[in-house]
Amino acid sequence: MRFYEVFRFALRGLGADKPRSALTTLGILIGVAAVILLVAVGNGSSLQIANSISSLGAGTLTVSSSTTGRGGMPGRVGGQSTGTGPRTQARQLTLQDAEALVDPQNAPNVESASPVVNTNSATTTYEGASHDISQFVGTYPGYFKASSKSVAAGALFDKADVDAAAKVVVIGQTVAEGLFGRVDPLNQKINVDGTYFTVVGVLAASGSSASGFQDADDIAIAPITAVQGTLTSYGSLSQIVVQARSADAVDAAQAEITAILNQRHGITGSTTDFTVYNQATVQSAVADSNQTFTVLLGAVAAISLLVGGIGVTNIMLVTVTERTREIGIRKAIGAPKGAILGQFVVEATILSLLGGVLGVAVGLVGSRFEIVGVKPVVVPSSVFLALGVSVAIGLFFGSYPANRAANLRPIEALRHQ
Amino acid sequence: MNAPVLDVRAVTKVYGDGGATVHALSGVTLRVDRGDYVAIMGQSGSGKSTLMNILGCLDVPTAGRYLLDGTDVGVLSEHQLSILRNRRIGFIFQSFNLIPRMSALANVELPLAYGGVKPAERRRRALAALELVGLSDRVGHEPNELSGGQQQRVAVARALATSPSLLLADEPTGNLDTGSTRDVLDILDGLSTSGRTIVLITHEDEVAARAKRVLKLVDGDIVEDRRQAPVAGPPPRVLETGGVR
């Protein structure tokens, strides 16, 4: 009894009830495709988040004044720290702090430092149209590079605009649509809380709005000198955005910034009145949580694969019961146990292998499309794992009914109606 | 000559256990020589089907020995038994027992496939067997496209395909009309004439009348053993028609 004979019998057995074979295959197909697709979606979304974080500024550090202890509270200069640490003469970040950070001598790894003042929710109007900008930023031109913002139309403001305190503004896509609709916004004057600004440029869409909780395109950026004194008071900065010379120099730059600011603020102990955020730290935290997400998706998919496997067992059990008489006939005319066993194991394996291969195909094709805003990225190991598991399911789950069939006594099998 | 094809020694078969036991066979002893044509008669419940299943190695006796072609069947392993069923025995059932959705040719080829015969040789022998039962023009038909008589002839061809030393037929004409019964019995007569050993079960006298030897089974015991024609000659019906002609 050669193997291909057993294979032929198995094919004939499967062909006997095509709809049932097809449905069983479908169960495995869905399981395998789900594993590949869901893992790909998880992987894709974590890559996407990593991308959008790095697009927010690779090699960027953000310095903000911190409120460590009570000494850090604005307006409470000279207040006492409640902690056990040394007293902190808490000071706000100033323009001078920002300028001191650009120091080739003491901070060789810092490329630029842009002071930032921020107003949240500035009401803007243009010829009757009104729009609340969620972020109105006053800064230096270096901010654009540090935060990876580029201009889509018009131009960015430059150092001269800052020096002249020119009332010019660069707006994000969301603002442009909200205020101007189809009108060209360039060189139009907009009223921001009572002050007129001329639009000189429109930013390119950042594309990261899907993953952030805040619309990154709902922004307007103007020279800091124009914003201070009109929209915000003179004095303290919201933050300083520092661009390191390269992504590798971020850690060194962080140390330099900390040293310079410690010196300027007269801090000696561990209690500082400012915080330096490193994007890389945030990125790894997000990547970790995304890993969990992917594992969760994979687990759900694995369950559906298991259910598919149980489907194969079920069908094989039904098949064996239904064909008990046929098994009896085969045994009566001299079929050895191995041939019967082989036939049913091969039947189960064909079902699950076929389902597995089709599932891989569906998974790979499906992952070419964007799913809920995420471009899936296939993880090769998930393909092999899903296919391997589906074949293993066929072998293990199929061998139980097959064994039952092969061990039937011919006379018992023949009496079965 | 050599050993008898069938040598059954004091075989008993008991169903059930405890107080509710049924003695289907109570010590049957039987020898069948090569070339004989034996009809086993008996009413239902007489144990004839049980005897047949034991002869066909489909069931095992509770006690006693059974030698097929001089081989003690009781000591064989499951695998050896399947080879024995394949090579030595051709089984014909009352309900045909063809495998559905397989052509007549494929059904006849099946025991040859399990016996490890190569495809070309298998096809040749299966076609020859089908020709012998007069179904050369129906090889591609599936069982549900054939009449009862034709199905039983396919079953006879399947039983013959491996050239077994023993042909067992369990009420082969039980489900057939008169015409088909005559066709099948004529085939069996022909096989007997050519020297094949046949054992069949029946409760019809006209079927038994064609055998060379008739056994009557009552309550699991042989009560009558009547010879109608010598082992070495053709069966009685062939003798008669031959005489008339």
# chains A, B, ... in the order shown; residues from 1 in each chain; ligands from 1

call {"tool": "select_by_dssp", "arguments": {"residues": "segment 18-224 of chain B", "states": "alpha helix (DSSP H)", "output": "PyMOL selection string"}}
result
chain B and resi 48-55+78-87+104-114+119-132+148-161+178-193+205-208

call {"tool": "residues_around", "arguments": {"residues": "Asp69 of chain B", "least_positions_apart": "3", "cutoff": "7 Å", "atoms": "only C-alpha atoms", "output": "list in words"}}
result
Ala3, Pro4, Val5 and Leu6 of chain B

call {"tool": "write_last_selection", "arguments": {"atoms": "N, CA and C atoms", "output": "JSON list (two decimals), in the first residue's frame"}}
result
[["chain", "number", "residue", "atom", "x", "y", "z"],
["B", 3, "ALA", "N", -4.09, -29.60, 2.73],
["B", 3, "ALA", "CA", -5.03, -29.36, 3.83],
["B", 3, "ALA", "C", -6.35, -28.85, 3.28],
["B", 4, "PRO", "N", -7.45, -29.12, 3.99],
["B", 4, "PRO", "CA", -8.76, -28.59, 3.57],
["B", 4, "PRO", "C", -8.74, -27.07, 3.64],
["B", 5, "VAL", "N", -9.57, -26.45, 2.78],
["B", 5, "VAL", "CA", -9.64, -24.99, 2.78],
["B", 5, "VAL", "C", -10.14, -24.50, 4.13],
["B", 6, "LEU", "N", -11.22, -25.16, 4.60],
["B", 6, "LEU", "CA", -11.78, -24.79, 5.89],
["B", 6, "LEU", "C", -11.66, -25.96, 6.84]]

call {"tool": "closest_atom_pairs", "arguments": {"of": "chain A", "to": "chain B", "cutoff": "12 Å", "atoms": "only C-alpha atoms", "output": "CSV"}}
result
residue,atom,partner,partner_atom,distance
A:Met1,CA,B:Gly116,CA,4.8
A:Arg2,CA,B:Gly116,CA,7.3
A:Phe3,CA,B:Gly116,CA,10.8
A:Tyr4,CA,B:Ala113,CA,10.9
A:Glu5,CA,B:Ala113,CA,7.5
A:Val6,CA,B:Tyr114,CA,9.4
A:Arg8,CA,B:Ala113,CA,11.0
A:Phe9,CA,B:Leu110,CA,9.9
A:Arg12,CA,B:Met102,CA,8.6
A:Gly13,CA,B:Arg101,CA,9.4
A:Leu14,CA,B:Arg101,CA,11.6
A:Gly15,CA,B:Arg101,CA,9.6
A:Ala16,CA,B:Arg101,CA,7.2
A:Asp17,CA,B:Arg101,CA,10.5
A:Arg323,CA,B:Ile99,CA,9.8
A:Thr324,CA,B:Ile99,CA,11.5
A:Arg325,CA,B:Asn97,CA,8.4
A:Glu326,CA,B:Ile99,CA,6.3
A:Ile327,CA,B:Ile99,CA,9.4
A:Gly328,CA,B:Leu58,CA,9.2
A:Ile329,CA,B:Asn97,CA,6.5
A:Arg330,CA,B:Pro111,CA,8.0
A:Lys331,CA,B:Ser82,CA,7.0
A:Ala332,CA,B:Arg85,CA,6.6
A:Ile333,CA,B:Asn86,CA,5.4
A:Gly334,CA,B:Asn86,CA,3.9
A:Ala335,CA,B:Tyr114,CA,5.5
A:Pro336,CA,B:Ser82,CA,5.3
A:Lys337,CA,B:His79,CA,6.9
A:Gly338,CA,B:His79,CA,8.7
A:Ala339,CA,B:Tyr114,CA,7.8
A:Ile340,CA,B:Tyr114,CA,10.1
A:Ala406,CA,B:Glu78,CA,10.9
A:Asn407,CA,B:Glu78,CA,9.7
A:Leu408,CA,B:Leu58,CA,10.9
A:Arg409,CA,B:Leu58,CA,7.4
A:Pro410,CA,B:Leu58,CA,5.5
A:Ile411,CA,B:Leu58,CA,5.3
A:Glu412,CA,B:Asp59,CA,8.7
A:Ala413,CA,B:Leu58,CA,9.9
A:Leu414,CA,B:Asn97,CA,8.9
A:Arg415,CA,B:Leu58,CA,11.1
A:Gln417,CA,B:Asn97,CA,11.6

call {"tool": "write_last_selection", "arguments": {"atoms": "C-alpha atoms", "output": "PDB file, in the first residue's frame"}}
result
ATOM      1  CA  MET A   1       0.000   0.000   0.000  1.00  0.00           C
ATOM      2  CA  ARG A   2       1.826   3.040  -1.213  1.00  0.00           C
ATOM      3  CA  PHE A   3       1.374   6.470   0.252  1.00  0.00           C
ATOM      4  CA  TYR A   4      -0.144   7.979  -2.845  1.00  0.00           C
ATOM      5  CA  GLU A   5      -2.931   5.388  -2.741  1.00  0.00           C
ATOM      6  CA  VAL A   6      -3.789   6.493   0.782  1.00  0.00           C
ATOM      7  CA  ARG A   8      -6.016   9.273  -3.304  1.00  0.00           C
ATOM      8  CA  PHE A   9      -8.490   7.631  -0.943  1.00  0.00           C
ATOM      9  CA  ARG A  12     -11.901  10.916  -2.636  1.00  0.00           C
ATOM     10  CA  GLY A  13     -13.204  10.932   0.931  1.00  0.00           C
ATOM     11  CA  LEU A  14     -13.014  14.716   1.088  1.00  0.00           C
ATOM     12  CA  GLY A  15     -14.623  15.067  -2.327  1.00  0.00           C
ATOM     13  CA  ALA A  16     -17.578  13.010  -1.161  1.00  0.00           C
ATOM     14  CA  ASP A  17     -18.946  15.947   0.824  1.00  0.00           C
ATOM     15  CA  ARG A 323     -18.591   6.210   7.282  1.00  0.00           C
ATOM     16  CA  THR A 324     -18.310   3.462   9.871  1.00  0.00           C
ATOM     17  CA  ARG A 325     -20.012   1.059   7.492  1.00  0.00           C
ATOM     18  CA  GLU A 326     -17.627   1.999   4.726  1.00  0.00           C
ATOM     19  CA  ILE A 327     -14.721   1.404   7.116  1.00  0.00           C
ATOM     20  CA  GLY A 328     -16.203  -2.018   7.864  1.00  0.00           C
ATOM     21  CA  ILE A 329     -16.400  -2.849   4.159  1.00  0.00           C
ATOM     22  CA  ARG A 330     -12.833  -1.727   3.620  1.00  0.00           C
ATOM     23  CA  LYS A 331     -11.659  -3.872   6.510  1.00  0.00           C
ATOM     24  CA  ALA A 332     -13.690  -6.864   5.287  1.00  0.00           C
ATOM     25  CA  ILE A 333     -11.926  -6.744   1.936  1.00  0.00           C
ATOM     26  CA  GLY A 334      -8.557  -6.590   3.639  1.00  0.00           C
ATOM     27  CA  ALA A 335      -7.658  -2.988   4.367  1.00  0.00           C
ATOM     28  CA  PRO A 336      -4.863  -2.973   6.947  1.00  0.00           C
ATOM     29  CA  LYS A 337      -5.215  -0.733   9.974  1.00  0.00           C
ATOM     30  CA  GLY A 338      -2.458   1.561   8.753  1.00  0.00           C
ATOM     31  CA  ALA A 339      -4.307   2.303   5.512  1.00  0.00           C
ATOM     32  CA  ILE A 340      -7.490   3.304   7.348  1.00  0.00           C
ATOM     33  CA  ALA A 406      -8.865   2.132  12.479  1.00  0.00           C
ATOM     34  CA  ASN A 407      -9.486   0.230  15.706  1.00  0.00           C
ATOM     35  CA  LEU A 408     -13.067  -0.726  14.876  1.00  0.00           C
ATOM     36  CA  ARG A 409     -13.646  -4.469  14.579  1.00  0.00           C
ATOM     37  CA  PRO A 410     -14.838  -5.177  11.036  1.00  0.00           C
ATOM     38  CA  ILE A 411     -18.009  -6.918  12.146  1.00  0.00           C
ATOM     39  CA  GLU A 412     -18.961  -4.073  14.485  1.00  0.00           C
ATOM     40  CA  ALA A 413     -18.318  -1.554  11.752  1.00  0.00           C
ATOM     41  CA  LEU A 414     -20.374  -3.559   9.248  1.00  0.00           C
ATOM     42  CA  ARG A 415     -23.343  -3.854  11.589  1.00  0.00           C
ATOM     43  CA  GLN A 417     -26.225   1.469  10.042  1.00  0.00           C
TER      44      GLN A 417
END

call {"tool": "closest_residue", "arguments": {"among": "B:Ala211, B:Met52, B:Val133, B:Ala63", "to": "Pro234 of chain B", "atoms": "only C-alpha atoms"}}
result
B:Ala211

call {"tool": "select_by_dssp", "arguments": {"residues": "segment 35-192 of chain B", "states": "strand (DSSP E)", "output": "MDAnalysis selection string"}}
result
chainID B and resid 37:41 63:68 71:72 89:92 166:170

call {"tool": "residues_around", "arguments": {"residues": "segment 29-35 of chain B", "least_positions_apart": "3", "cutoff": "9 Å", "atoms": "only C-alpha atoms", "output": "VMD selection string"}}
result
chain B and resid 2 to 11 38 165 to 166 192 to 199 221 to 222 231 to 233

call {"tool": "atom_distance", "arguments": {"atom1": "atom CA of Glu204 of chain B", "atom2": "atom CA of Asp186 of chain B"}}
result
15.6 Å

call {"tool": "residues_around", "arguments": {"residues": "Asp158 of chain A", "least_positions_apart": "2", "cutoff": "6 Å", "atoms": "only C-alpha atoms", "output": "ChimeraX atom specification"}}
result
/A:141,160-161

call {"tool": "atom_distance", "arguments": {"atom1": "atom CA of Val307 of chain A", "atom2": "atom CA of Gly31 of chain A"}}
result
7.7 Å

call {"tool": "atom_distance", "arguments": {"atom1": "atom CA of Asp205 of chain B", "atom2": "atom CA of Gly174 of chain B"}}
result
12.4 Å

call {"tool": "residues_around", "arguments": {"residues": "Ser46 of chain B", "least_positions_apart": "5", "cutoff": "12 Å", "atoms": "only C-alpha atoms", "output": "list in words"}}
result
Val22, His23, Ala24, Leu25, Ser26, Val28, Ile40, Met41, Leu51, Met52, Ile201, Thr202, His203, Leu215, Lys216, Leu217, Val218, Asp219, Gly220, Asp221, Ile222 and Val223 of chain B

call {"tool": "write_last_selection", "arguments": {"atoms": "N, CA and C atoms", "output": "compact mmCIF listing (two decimals), in the first residue's frame"}}
result
# COMPACT_ATOMS: atom_id res chain seq x y z
N VAL B 22 -26.13 -15.68 25.20
CA VAL B 22 -26.78 -16.35 24.08
C VAL B 22 -25.73 -17.19 23.38
N HIS B 23 -26.00 -18.49 23.24
CA HIS B 23 -25.07 -19.36 22.53
C HIS B 23 -25.42 -19.37 21.06
N ALA B 24 -24.71 -18.56 20.29
CA ALA B 24 -24.99 -18.48 18.86
C ALA B 24 -24.46 -19.72 18.16
N LEU B 25 -23.30 -20.18 18.58
CA LEU B 25 -22.73 -21.41 18.03
C LEU B 25 -22.35 -22.30 19.20
N SER B 26 -22.77 -23.56 19.15
CA SER B 26 -22.42 -24.44 20.27
C SER B 26 -21.61 -25.64 19.77
N VAL B 28 -19.38 -26.10 16.67
CA VAL B 28 -19.50 -26.50 15.27
C VAL B 28 -18.17 -27.07 14.80
N ILE B 40 -25.12 -23.37 3.43
CA ILE B 40 -25.50 -23.51 4.83
C ILE B 40 -26.90 -22.95 4.96
N MET B 41 -27.84 -23.82 5.41
CA MET B 41 -29.22 -23.39 5.56
C MET B 41 -29.59 -23.31 7.03
N LEU B 51 -21.55 -17.93 12.09
CA LEU B 51 -20.56 -18.86 11.54
C LEU B 51 -19.85 -18.22 10.35
N MET B 52 -20.65 -17.57 9.50
CA MET B 52 -20.09 -16.95 8.30
C MET B 52 -19.07 -15.86 8.66
N ILE B 201 -24.60 -18.85 2.38
CA ILE B 201 -25.69 -18.98 3.35
C ILE B 201 -26.99 -18.67 2.61
N THR B 202 -28.00 -19.44 2.87
CA THR B 202 -29.30 -19.14 2.26
C THR B 202 -30.41 -19.77 3.09
N HIS B 203 -31.63 -19.29 2.88
CA HIS B 203 -32.75 -20.03 3.46
C HIS B 203 -33.74 -20.42 2.36
N LEU B 215 -25.66 -28.01 4.30
CA LEU B 215 -25.61 -28.18 5.75
C LEU B 215 -26.83 -27.50 6.34
N LYS B 216 -27.44 -28.15 7.33
CA LYS B 216 -28.57 -27.51 8.03
C LYS B 216 -28.12 -27.15 9.42
N LEU B 217 -28.31 -25.89 9.78
CA LEU B 217 -27.89 -25.40 11.08
C LEU B 217 -29.12 -25.10 11.92
N VAL B 218 -29.22 -25.69 13.11
CA VAL B 218 -30.32 -25.40 14.03
C VAL B 218 -29.73 -25.11 15.40
N ASP B 219 -30.08 -23.97 15.93
CA ASP B 219 -29.62 -23.55 17.27
C ASP B 219 -28.11 -23.69 17.45
N GLY B 220 -27.38 -23.28 16.47
CA GLY B 220 -25.93 -23.24 16.58
C GLY B 220 -25.25 -24.59 16.44
N ASP B 221 -25.94 -25.52 15.83
CA ASP B 221 -25.34 -26.85 15.65
C ASP B 221 -25.71 -27.39 14.28
N ILE B 222 -24.79 -28.16 13.67
CA ILE B 222 -25.08 -28.75 12.37
C ILE B 222 -25.90 -30.01 12.59
N VAL B 223 -27.13 -30.04 12.06
CA VAL B 223 -28.00 -31.20 12.28
C VAL B 223 -28.11 -32.08 11.03

call {"tool": "decode", "arguments": {"residues": "segment 287-370 of chain A", "atoms": "C-alpha atoms", "output": "short mmCIF file (atom, residue, chain, number, x, y, z; two decimals), in the first residue's frame"}}
result
data_model
loop_
_atom_site.label_atom_id
_atom_site.label_comp_id
_atom_site.auth_asym_id
_atom_site.auth_seq_id
_atom_site.Cartn_x
_atom_site.Cartn_y
_atom_site.Cartn_z
CA ALA A 287 6.49 50.74 22.14
CA ASP A 288 6.16 48.66 25.30
CA SER A 289 2.45 49.28 25.62
CA ASN A 290 2.05 48.50 21.95
CA GLN A 291 3.83 45.20 22.41
CA THR A 292 1.19 44.27 24.97
CA PHE A 293 -1.49 45.27 22.52
CA THR A 294 0.01 43.04 19.81
CA VAL A 295 0.26 40.08 22.17
CA LEU A 296 -3.38 40.58 23.11
CA LEU A 297 -4.48 40.63 19.47
CA GLY A 298 -2.37 37.54 18.80
CA ALA A 299 -4.00 35.72 21.71
CA VAL A 300 -7.48 36.47 20.39
CA ALA A 301 -6.43 35.22 16.97
CA ALA A 302 -4.87 32.09 18.46
CA ILE A 303 -8.19 31.27 20.09
CA SER A 304 -9.94 31.50 16.74
CA LEU A 305 -7.30 29.17 15.30
CA LEU A 306 -7.96 26.71 18.11
CA VAL A 307 -11.69 26.89 17.43
CA GLY A 308 -10.92 26.11 13.80
CA GLY A 309 -8.93 23.09 14.95
CA ILE A 310 -11.80 21.84 17.06
CA GLY A 311 -13.94 22.23 13.95
CA VAL A 312 -11.62 19.83 12.14
CA THR A 313 -11.87 17.29 14.98
CA ASN A 314 -15.62 17.61 15.00
CA ILE A 315 -15.91 17.05 11.27
CA MET A 316 -13.54 14.11 11.35
CA LEU A 317 -15.54 12.52 14.18
CA VAL A 318 -18.75 12.98 12.23
CA THR A 319 -17.08 11.62 9.11
CA VAL A 320 -15.84 8.54 10.92
CA THR A 321 -19.24 7.87 12.45
CA GLU A 322 -20.99 8.43 9.16
CA ARG A 323 -18.59 6.21 7.28
CA THR A 324 -18.31 3.46 9.87
CA ARG A 325 -20.01 1.06 7.49
CA GLU A 326 -17.63 2.00 4.73
CA ILE A 327 -14.72 1.40 7.12
CA GLY A 328 -16.20 -2.02 7.86
CA ILE A 329 -16.40 -2.85 4.16
CA ARG A 330 -12.83 -1.73 3.62
CA LYS A 331 -11.66 -3.87 6.51
CA ALA A 332 -13.69 -6.86 5.29
CA ILE A 333 -11.93 -6.74 1.94
CA GLY A 334 -8.56 -6.59 3.64
CA ALA A 335 -7.66 -2.99 4.37
CA PRO A 336 -4.86 -2.97 6.95
CA LYS A 337 -5.21 -0.73 9.97
CA GLY A 338 -2.46 1.56 8.75
CA ALA A 339 -4.31 2.30 5.51
CA ILE A 340 -7.49 3.30 7.35
CA LEU A 341 -5.55 5.36 9.88
CA GLY A 342 -3.53 6.99 7.11
CA GLN A 343 -6.60 7.87 5.10
CA PHE A 344 -8.29 9.77 7.91
CA VAL A 345 -5.14 11.48 9.15
CA VAL A 346 -4.35 12.58 5.61
CA GLU A 347 -7.94 13.80 5.17
CA ALA A 348 -7.65 15.92 8.31
CA THR A 349 -4.21 17.18 7.33
CA ILE A 350 -5.33 18.14 3.83
CA LEU A 351 -8.24 20.09 5.30
CA SER A 352 -6.08 22.00 7.74
CA LEU A 353 -3.14 22.48 5.38
CA LEU A 354 -5.43 23.76 2.65
CA GLY A 355 -7.13 26.04 5.15
CA GLY A 356 -3.73 27.15 6.40
CA VAL A 357 -2.32 27.96 2.97
CA LEU A 358 -5.48 29.79 1.92
CA GLY A 359 -5.46 31.58 5.28
CA VAL A 360 -1.88 32.75 4.66
CA ALA A 361 -2.93 33.99 1.23
CA VAL A 362 -5.94 35.85 2.66
CA GLY A 363 -3.84 37.23 5.50
CA LEU A 364 -1.13 38.48 3.14
CA VAL A 365 -3.63 40.00 0.71
CA GLY A 366 -5.64 41.51 3.56
CA SER A 367 -2.56 43.10 5.07
CA ARG A 368 -2.04 45.10 1.90
CA PHE A 369 -5.07 47.19 2.80
CA GLU A 370 -5.29 49.81 5.47
#
